[in-house]
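Structure record follows, encoded as structure tokens.
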Amino acid sequence: MFGKLNHLAITSDHYTLLGMFYRAVFGLKASGDTAREIGAISVGDGYLGMTLIPRRGGRKAGLDHFGIEVEDLDRRISTRSAARSPRNIPTSRS
């Protein structure tokens, strides 16, 4: 299995409007405690969860972080790392 995106977090000055937008336009459902929406808003479609975070001073708005689900992280890293190891990269030396 390749990795699947399962979480996304966005920082915004207008996080409450974004939450309403994603609910109204895409039919995403609120998840978690909606009474705590002053701290962040979580919406999702049943698989992908998105957290909309209020921008705080000194931080930029935009993508904050994301989560990727993988079946076996250790195996995925060791397989991908070995394939890209400098020992396995062909050189153009004569």
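Starting from 1 in every chain, residues are counted up; chains themselves are A, B, ... following the order of the structure tokens, and ligands are numbered from 1 as listed.
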Residues within 7 Å of Phe66 of chain A, only C-alpha atoms, excluding chain neighbours under 6 positions, as an mmCIF file with N, CA, C and O atoms, in the first residue's frame:
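Result file is part04.cif:
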```cif
data_model
loop_
_atom_site.group_PDB
_atom_site.id
_atom_site.type_symbol
_atom_site.label_atom_id
_atom_site.label_comp_id
_atom_site.auth_asym_id
_atom_site.auth_seq_id
_atom_site.Cartn_x
_atom_site.Cartn_y
_atom_site.Cartn_z
ATOM 1 N N HIS A 7 -4.932 13.344 7.143
ATOM 2 C CA HIS A 7 -5.135 14.514 7.991
ATOM 3 C C HIS A 7 -4.464 15.717 7.348
ATOM 4 O O HIS A 7 -3.385 15.604 6.786
ATOM 5 N N LEU A 8 -5.122 16.856 7.453
ATOM 6 C CA LEU A 8 -4.616 18.096 6.908
ATOM 7 C C LEU A 8 -4.955 19.208 7.876
ATOM 8 O O LEU A 8 -6.058 19.243 8.414
ATOM 9 N N ALA A 9 -4.020 20.114 8.132
ATOM 10 C CA ALA A 9 -4.280 21.250 9.014
ATOM 11 C C ALA A 9 -3.899 22.540 8.294
ATOM 12 O O ALA A 9 -2.829 22.632 7.702
#
```
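If you count only C-alpha atoms and ignore residues fewer than 4 places along the chain from segment 52-64 of chain A, what sits within 12 Å of it is His7, Leu8, Ala9, Ile10, Thr11, Ser12, Asp13, His14, Tyr15, Thr16, Leu17, Leu18, Gly19, Met20, Phe21, Tyr22, Ala30, Ser31, Arg36, Glu37, Ile38, Gly39, Ala40, Ile41, Ser42, Val43 and Gly44 of chain A.
One finds atom CA of Leu73 of chain A at 20.5 Å from atom CA of Gly49 of chain A.
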**OP:** Can you work out which one of A:Ile77, A:Glu71, A:Gly27, A:Phe2 has the shortest atom-to-atom distance to Gly46 of chain A, counting only C-alpha atoms?
**Re:** A:Gly27
**OP:** May I ask for the distance between atom CA of Ile68 of chain A and atom CA of Val25 of chain A, given in Å to one decimal place?
**Re:**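 Between these atoms lies a distance of 24.8 Å.
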